[in-house]
Amino acid sequence: MDFISLENVVFSYNEEFESPRALDSVSLDIKKGEFVALLGHNGCGKSTVAKHLNAMLLPDSGKVFVDGDDTADEEKTYEIRKKVGLVLQNPDNQLVASIVEEDVAFGPENLGIPPKEIRERVDYALKAVGMYDFREDAPYKLSGGQKQRVAIAGVLAMMPECIVLDEPTAMLDPNGREEVMSTLLKLNKEKNMTVVLITHYMDEAVLADRVVVMDSGKILTQGTPYDVFSQIELLKKHRLDVPQATELAYKLCGCGVKFDKLPLNAEECVAMLREVLG
Ligand SMILES: Nc1ncnc2c1ncn2[C@@H]1O[C@H](COP(=O)(O)OP(=O)(O)OP(=O)(O)O)[C@@H](O)[C@H]1O
Ligand SMILES: [Mg+2]
């Protein structure tokens, strides 16, 4: 069995009414060490999936397994939350202490980590997100992007095997986004940390090992970034973006330029154009 496994997960927020299903039979496997990008337009169920990955929500029917443990088994909740750290969509909900470093220490303290190791973990996590210089500041004084990075540090300090991030770069400027992305890629490559990244940015999604696209509580398509973004018509039909370079190349194909496959970024597009144009 894969590290995380969702099997026919059905979930509605409101059981009393005939409410539409937020998740409508979602099956998804995530391997250890994989970097998965989860895409889809507003309200398609991405955050609901994220909350199922660490037992914050439990399926109405179907199953979620984390490292072989059923998330519905209450005795396993602690173990599961230790393995899968979730950075929520709105960082204000996640910051609890009045000083940045205390906030980052909160998670490891709850795990019962010895004080000396907590100090090391807090410093490591704050450096990893570029917030070490703000360690003695009050979180409320920080910008949205800075708060987001502190929230990520708080999860990193728990050293989970998998980190799930719900639009962590939504409030960041391009530099901040790049910092967060390179931090995640580094953790993934060097520490084999499993990463599940929910994002609206296609240039981030193309960096993942696998892209999963959701639509109306279901998985629409998934595969490598090349597999997924070459399905331009399908994505457009569901009001989803593709990387700009991919779209440009697709339009050039329509004008007779022959690409072997569609590029995912500007550099690839230029290299392929050089080749076809001689
Ligand atoms: N707490 C809630 N109570 C009731 N309905 C909810 C709640 N949270 C989400 N929903 C509904 O469930 C569906 C899926 O929501 P979800 O937040 O998972 O989507 P999302 O893909 O994360 O959207 P976004 O891109 O806007 O963050 C939507 O129809 C949403 O309105
Ligand atoms: Mg969401």
# chains A, B, ... in the order shown; residues from 1 in each chain; ligands from 1

call {"tool": "residues_around", "arguments": {"residues": "A:Ser25", "least_positions_apart": "4", "cutoff": "7 Å", "atoms": "only C-alpha atoms", "output": "ChimeraX atom specification"}}
result
/A:8-10,218

call {"tool": "write_last_selection", "arguments": {"atoms": "N, CA and C atoms", "output": "short mmCIF file (atom, residue, chain, number, x, y, z; two decimals), in the first residue's frame"}}
result
data_model
loop_
_atom_site.label_atom_id
_atom_site.label_comp_id
_atom_site.auth_asym_id
_atom_site.auth_seq_id
_atom_site.Cartn_x
_atom_site.Cartn_y
_atom_site.Cartn_z
N ASN A 8 -12.28 5.71 -2.50
CA ASN A 8 -13.70 6.07 -2.70
C ASN A 8 -14.23 6.99 -1.61
N VAL A 9 -13.51 8.05 -1.31
CA VAL A 9 -13.90 8.94 -0.21
C VAL A 9 -15.07 9.83 -0.64
N VAL A 10 -16.14 9.76 0.16
CA VAL A 10 -17.30 10.63 -0.03
C VAL A 10 -17.40 11.49 1.22
N LYS A 218 -14.50 15.64 -7.64
CA LYS A 218 -13.95 14.41 -8.23
C LYS A 218 -12.56 14.71 -8.79
#

call {"tool": "closest_atom_pairs", "arguments": {"of": "chain A", "to": "ligand 1", "cutoff": "7 Å", "atoms": "only C-alpha atoms and all ligand atoms", "output": "JSON lines"}}
result
{"residue": "A:Tyr13", "atom": "CA", "partner": "ligand 1", "partner_atom_place_in_ligand_line": "4 (C)", "distance": 4.8}
{"residue": "A:Asn14", "atom": "CA", "partner": "ligand 1", "partner_atom_place_in_ligand_line": "4 (C)", "distance": 6.3}
{"residue": "A:Ala22", "atom": "CA", "partner": "ligand 1", "partner_atom_place_in_ligand_line": "13 (C)", "distance": 4.3}
{"residue": "A:Gly40", "atom": "CA", "partner": "ligand 1", "partner_atom_place_in_ligand_line": "21 (O)", "distance": 6.2}
{"residue": "A:His41", "atom": "CA", "partner": "ligand 1", "partner_atom_place_in_ligand_line": "25 (O)", "distance": 5.6}
{"residue": "A:Asn42", "atom": "CA", "partner": "ligand 1", "partner_atom_place_in_ligand_line": "25 (O)", "distance": 3.5}
{"residue": "A:Gly43", "atom": "CA", "partner": "ligand 1", "partner_atom_place_in_ligand_line": "19 (O)", "distance": 3.4}
{"residue": "A:Cys44", "atom": "CA", "partner": "ligand 1", "partner_atom_place_in_ligand_line": "21 (O)", "distance": 4.0}
{"residue": "A:Gly45", "atom": "CA", "partner": "ligand 1", "partner_atom_place_in_ligand_line": "18 (O)", "distance": 3.2}
{"residue": "A:Lys46", "atom": "CA", "partner": "ligand 1", "partner_atom_place_in_ligand_line": "21 (O)", "distance": 3.7}
{"residue": "A:Ser47", "atom": "CA", "partner": "ligand 1", "partner_atom_place_in_ligand_line": "22 (O)", "distance": 3.6}
{"residue": "A:Thr48", "atom": "CA", "partner": "ligand 1", "partner_atom_place_in_ligand_line": "18 (O)", "distance": 3.7}
{"residue": "A:Val49", "atom": "CA", "partner": "ligand 1", "partner_atom_place_in_ligand_line": "18 (O)", "distance": 6.6}
{"residue": "A:Gly217", "atom": "CA", "partner": "ligand 1", "partner_atom_place_in_ligand_line": "14 (C)", "distance": 6.9}

call {"tool": "residues_around", "arguments": {"residues": "stretch 166-181 of chain A", "least_positions_apart": "6", "cutoff": "8 Å", "atoms": "only C-alpha atoms", "output": "MDAnalysis selection string"}}
result
chainID A and resid 47 50 86:89 129:130 144:145 148:149 152 197:200 204

call {"tool": "write_last_selection", "arguments": {"atoms": "C-alpha atoms", "output": "tab-separated table (two decimals), in the first residue's frame"}}
result
chain	number	residue	atom	x	y	z
A	47	SER	CA	-8.95	21.86	0.96
A	50	ALA	CA	-6.11	18.17	2.43
A	86	LEU	CA	-0.97	20.34	7.40
A	87	VAL	CA	-0.43	24.03	6.64
A	88	LEU	CA	-3.91	25.53	6.43
A	89	GLN	CA	-5.13	27.92	3.75
A	129	VAL	CA	11.57	29.54	5.44
A	130	GLY	CA	13.78	32.64	5.73
A	144	GLY	CA	0.42	37.86	5.18
A	145	GLY	CA	3.31	36.20	3.38
A	148	GLN	CA	2.37	32.03	5.97
A	149	ARG	CA	6.07	31.22	6.20
A	152	ILE	CA	5.05	26.47	7.38
A	197	LEU	CA	0.95	21.18	-2.62
A	198	ILE	CA	-2.39	22.80	-3.37
A	199	THR	CA	-1.83	25.70	-5.71
A	200	HIS	CA	-3.42	27.93	-8.32
A	204	GLU	CA	4.57	25.69	-9.35

call {"tool": "select_by_dssp", "arguments": {"residues": "stretch 97-245 of chain A", "states": "alpha helix (DSSP H)", "output": "NGL selection string"}}
result
:A and (100-110 or 115-128 or 144-156 or 174-191 or 202-205 or 225-229 or 232-237 or 244-245)

call {"tool": "write_last_selection", "arguments": {"atoms": "C-alpha atoms", "output": "compact mmCIF listing (two decimals), in the first residue's frame"}}
result
# COMPACT_ATOMS: atom_id res chain seq x y z
CA VAL A 100 7.17 33.90 16.35
CA GLU A 101 9.60 31.37 17.81
CA GLU A 102 7.12 30.33 20.51
CA ASP A 103 4.61 29.72 17.79
CA VAL A 104 6.99 27.49 15.86
CA ALA A 105 7.87 25.63 19.10
CA PHE A 106 4.22 24.92 19.85
CA GLY A 107 3.93 21.82 17.65
CA PRO A 108 7.14 20.07 18.82
CA GLU A 109 6.26 20.93 22.45
CA ASN A 110 2.98 19.11 22.01
CA PRO A 115 13.73 21.45 25.04
CA LYS A 116 17.23 21.37 23.54
CA GLU A 117 15.99 19.61 20.42
CA ILE A 118 13.02 21.99 20.21
CA ARG A 119 15.48 24.91 20.08
CA GLU A 120 17.37 23.25 17.23
CA ARG A 121 14.20 22.40 15.32
CA VAL A 122 12.78 25.91 15.70
CA ASP A 123 16.00 27.49 14.41
CA TYR A 124 16.18 25.01 11.52
CA ALA A 125 12.54 25.58 10.55
CA LEU A 126 12.74 29.38 10.75
CA LYS A 127 15.92 29.39 8.66
CA ALA A 128 14.35 27.03 6.12
CA GLY A 144 0.42 37.86 5.18
CA GLY A 145 3.31 36.20 3.38
CA GLN A 146 5.52 36.27 6.48
CA LYS A 147 2.74 34.73 8.58
CA GLN A 148 2.37 32.03 5.97
CA ARG A 149 6.07 31.22 6.20
CA VAL A 150 5.88 31.05 10.02
CA ALA A 151 2.93 28.66 9.70
CA ILE A 152 5.05 26.47 7.38
CA ALA A 153 7.94 26.62 9.89
CA GLY A 154 5.56 25.48 12.64
CA VAL A 155 4.77 22.34 10.66
CA LEU A 156 8.39 21.77 9.58
CA PRO A 174 7.08 36.44 -6.55
CA ASN A 175 10.24 36.36 -4.38
CA GLY A 176 8.38 34.90 -1.41
CA ARG A 177 6.76 32.28 -3.66
CA GLU A 178 10.10 31.26 -5.06
CA GLU A 179 11.57 30.96 -1.55
CA VAL A 180 8.75 28.72 -0.38
CA MET A 181 8.90 26.58 -3.53
CA SER A 182 12.67 26.11 -3.35
CA THR A 183 12.34 25.22 0.35
CA LEU A 184 9.74 22.58 -0.48
CA LEU A 185 11.73 21.15 -3.38
CA LYS A 186 14.83 20.97 -1.17
CA LEU A 187 12.97 19.18 1.63
CA ASN A 188 11.53 16.79 -0.94
CA LYS A 189 14.84 16.02 -2.68
CA GLU A 190 17.21 16.08 0.28
CA LYS A 191 15.04 14.76 3.11
CA MET A 202 0.77 26.51 -12.90
CA ASP A 203 4.47 27.38 -12.78
CA GLU A 204 4.57 25.69 -9.35
CA ALA A 205 2.53 22.70 -10.46
CA PRO A 225 3.01 17.54 -15.58
CA TYR A 226 3.60 16.65 -19.27
CA ASP A 227 0.69 14.20 -19.31
CA VAL A 228 -1.71 16.60 -17.62
CA PHE A 229 -0.85 19.88 -19.30
CA ILE A 232 -5.28 21.49 -22.98
CA GLU A 233 -8.81 21.13 -24.36
CA LEU A 234 -9.96 19.19 -21.29
CA LEU A 235 -8.44 21.69 -18.88
CA LYS A 236 -9.89 24.67 -20.72
CA LYS A 237 -13.30 23.05 -20.80
CA GLN A 244 1.70 30.11 -20.50
CA ALA A 245 4.52 28.46 -22.45

call {"tool": "atom_distance", "arguments": {"atom1": "atom CA of A:Phe3", "atom2": "atom CA of A:Lys83"}}
result
10.2 Å

call {"tool": "closest_residue", "arguments": {"among": "A:Leu39, A:Ile4, A:Val211, A:Leu28", "to": "ligand 2", "atoms": "only C-alpha atoms and all ligand atoms"}}
result
A:Leu39

call {"tool": "residues_around", "arguments": {"residues": "stretch 69-76 of chain A", "least_positions_apart": "6", "cutoff": "12 Å", "atoms": "only C-alpha atoms", "output": "mmCIF file with N, CA and C atoms, in the first residue's frame"}}
result
data_model
loop_
_atom_site.group_PDB
_atom_site.id
_atom_site.type_symbol
_atom_site.label_atom_id
_atom_site.label_comp_id
_atom_site.auth_asym_id
_atom_site.auth_seq_id
_atom_site.Cartn_x
_atom_site.Cartn_y
_atom_site.Cartn_z
ATOM 1 N N MET A 1 0.848 -1.214 0.000
ATOM 2 C CA MET A 1 0.000 0.000 0.000
ATOM 3 C C MET A 1 0.877 1.255 0.000
ATOM 4 N N ASP A 2 0.434 2.292 -0.722
ATOM 5 C CA ASP A 2 1.198 3.531 -0.760
ATOM 6 C C ASP A 2 1.150 4.241 0.591
ATOM 7 N N PHE A 3 1.983 5.248 0.734
ATOM 8 C CA PHE A 3 2.090 5.950 2.021
ATOM 9 C C PHE A 3 0.737 6.539 2.442
ATOM 10 N N ILE A 4 0.082 7.225 1.498
ATOM 11 C CA ILE A 4 -1.270 7.722 1.784
ATOM 12 C C ILE A 4 -2.205 7.180 0.713
ATOM 13 N N SER A 5 -3.360 6.732 1.141
ATOM 14 C CA SER A 5 -4.285 6.125 0.195
ATOM 15 C C SER A 5 -5.723 6.543 0.511
ATOM 16 N N LEU A 6 -6.380 7.180 -0.443
ATOM 17 C CA LEU A 6 -7.801 7.510 -0.298
ATOM 18 C C LEU A 6 -8.575 6.537 -1.170
ATOM 19 N N GLU A 7 -9.558 5.893 -0.579
ATOM 20 C CA GLU A 7 -10.338 4.907 -1.328
ATOM 21 C C GLU A 7 -11.803 5.306 -1.353
ATOM 22 N N VAL A 9 -13.506 8.055 -1.314
ATOM 23 C CA VAL A 9 -13.902 8.936 -0.214
ATOM 24 C C VAL A 9 -15.071 9.835 -0.636
ATOM 25 N N LYS A 51 -7.650 18.171 4.301
ATOM 26 C CA LYS A 51 -8.049 17.906 5.688
ATOM 27 C C LYS A 51 -8.318 16.426 5.952
ATOM 28 N N HIS A 52 -8.534 15.670 4.880
ATOM 29 C CA HIS A 52 -8.683 14.212 5.055
ATOM 30 C C HIS A 52 -7.327 13.508 5.205
ATOM 31 N N LEU A 53 -6.252 14.209 4.808
ATOM 32 C CA LEU A 53 -4.948 13.546 4.804
ATOM 33 C C LEU A 53 -4.343 13.424 6.198
ATOM 34 N N ASN A 54 -4.809 14.245 7.154
ATOM 35 C CA ASN A 54 -4.286 14.102 8.523
ATOM 36 C C ASN A 54 -5.412 13.967 9.547
ATOM 37 N N ALA A 55 -6.520 13.409 9.125
ATOM 38 C CA ALA A 55 -7.634 13.074 10.023
ATOM 39 C C ALA A 55 -8.316 14.301 10.625
ATOM 40 N N MET A 56 -8.129 15.475 10.013
ATOM 41 C CA MET A 56 -8.883 16.643 10.474
ATOM 42 C C MET A 56 -10.345 16.480 10.082
ATOM 43 N N LEU A 57 -10.575 15.844 8.948
ATOM 44 C CA LEU A 57 -11.921 15.434 8.543
ATOM 45 C C LEU A 57 -11.891 13.930 8.285
ATOM 46 N N LEU A 58 -13.008 13.275 8.528
ATOM 47 C CA LEU A 58 -13.111 11.832 8.271
ATOM 48 C C LEU A 58 -14.174 11.593 7.210
ATOM 49 N N PRO A 59 -13.964 10.606 6.337
ATOM 50 C CA PRO A 59 -14.923 10.366 5.250
ATOM 51 C C PRO A 59 -16.302 9.945 5.776
ATOM 52 N N ASP A 60 -17.370 10.348 5.077
ATOM 53 C CA ASP A 60 -18.713 9.819 5.379
ATOM 54 C C ASP A 60 -18.755 8.353 4.966
ATOM 55 N N SER A 61 -18.159 8.081 3.806
ATOM 56 C CA SER A 61 -17.947 6.691 3.408
ATOM 57 C C SER A 61 -16.635 6.629 2.643
ATOM 58 N N GLY A 62 -16.103 5.421 2.514
ATOM 59 C CA GLY A 62 -14.771 5.278 1.945
ATOM 60 C C GLY A 62 -13.734 5.312 3.056
ATOM 61 N N LYS A 63 -12.463 5.193 2.686
ATOM 62 C CA LYS A 63 -11.391 5.089 3.685
ATOM 63 C C LYS A 63 -10.199 5.946 3.317
ATOM 64 N N LYS A 82 1.388 13.266 13.473
ATOM 65 C CA LYS A 82 2.834 13.397 13.584
ATOM 66 C C LYS A 82 3.489 13.151 12.222
ATOM 67 N N LYS A 83 2.875 12.278 11.459
ATOM 68 C CA LYS A 83 3.453 11.916 10.150
ATOM 69 C C LYS A 83 3.063 12.889 9.053
ATOM 70 N N VAL A 84 1.844 13.419 9.151
ATOM 71 C CA VAL A 84 1.344 14.308 8.091
ATOM 72 C C VAL A 84 1.032 15.681 8.684
#

call {"tool": "closest_residue", "arguments": {"among": "A:Tyr201, A:Gly254, A:Leu38, A:Ala138", "to": "ligand 2", "atoms": "only C-alpha atoms and all ligand atoms"}}
result
A:Leu38

call {"tool": "closest_residue", "arguments": {"among": "A:Val257, A:Val195, A:Leu165, A:Ala97", "to": "ligand 2", "atoms": "only C-alpha atoms and all ligand atoms"}}
result
A:Leu165

call {"tool": "residues_around", "arguments": {"residues": "A:Glu268", "least_positions_apart": "5", "cutoff": "10 Å", "atoms": "only C-alpha atoms", "output": "list in words"}}
result
Ala245, Thr246, Leu262, Pro263, Leu273 and Arg274 of chain A

call {"tool": "write_last_selection", "arguments": {"atoms": "N, CA and C atoms", "output": "PDB file, in the first residue's frame"}}
result
ATOM      1  N   ALA A 245       3.680  28.981 -21.365  1.00  0.00           N
ATOM      2  CA  ALA A 245       4.524  28.462 -22.448  1.00  0.00           C
ATOM      3  C   ALA A 245       3.831  27.295 -23.156  1.00  0.00           C
ATOM      4  N   THR A 246       3.099  26.493 -22.386  1.00  0.00           N
ATOM      5  CA  THR A 246       2.404  25.341 -22.969  1.00  0.00           C
ATOM      6  C   THR A 246       1.309  25.833 -23.915  1.00  0.00           C
ATOM      7  N   LEU A 262       4.598  19.210 -25.779  1.00  0.00           N
ATOM      8  CA  LEU A 262       4.409  20.619 -25.416  1.00  0.00           C
ATOM      9  C   LEU A 262       5.344  20.997 -24.263  1.00  0.00           C
ATOM     10  N   PRO A 263       5.975  22.174 -24.338  1.00  0.00           N
ATOM     11  CA  PRO A 263       6.881  22.597 -23.273  1.00  0.00           C
ATOM     12  C   PRO A 263       6.094  23.036 -22.024  1.00  0.00           C
ATOM     13  N   LEU A 273      11.605  25.610 -29.818  1.00  0.00           N
ATOM     14  CA  LEU A 273      11.407  26.465 -30.998  1.00  0.00           C
ATOM     15  C   LEU A 273      12.692  26.542 -31.819  1.00  0.00           C
ATOM     16  N   ARG A 274      13.833  26.691 -31.105  1.00  0.00           N
ATOM     17  CA  ARG A 274      15.129  26.723 -31.787  1.00  0.00           C
ATOM     18  C   ARG A 274      15.283  25.485 -32.666  1.00  0.00           C
TER      19      ARG A 274
END

call {"tool": "closest_residue", "arguments": {"among": "A:His238, A:Met159, A:Thr221, A:Ala249", "to": "A:Ala271", "atoms": "only C-alpha atoms"}}
result
A:Ala249

call {"tool": "select_by_dssp", "arguments": {"residues": "stretch 56-195 of chain A", "states": "strand (DSSP E)", "output": "PyMOL selection string"}}
result
chain A and resi 61-66+69-70+84-87+162-166+194-195

call {"tool": "atom_distance", "arguments": {"atom1": "atom CA of A:Arg210", "atom2": "atom CA of A:Arg81"}}
result
23.3 Å

call {"tool": "closest_residue", "arguments": {"among": "A:Met214, A:Cys253, A:Val276, A:Ile30", "to": "ligand 2", "atoms": "only C-alpha atoms and all ligand atoms"}}
result
A:Met214

call {"tool": "closest_residue", "arguments": {"among": "A:Val213, A:Pro243, A:Asn90, A:Leu277", "to": "ligand 2", "atoms": "only C-alpha atoms and all ligand atoms"}}
result
A:Asn90

call {"tool": "atom_distance", "arguments": {"atom1": "atom CA of A:Ser216", "atom2": "atom CA of A:Asp67"}}
result
27.6 Å
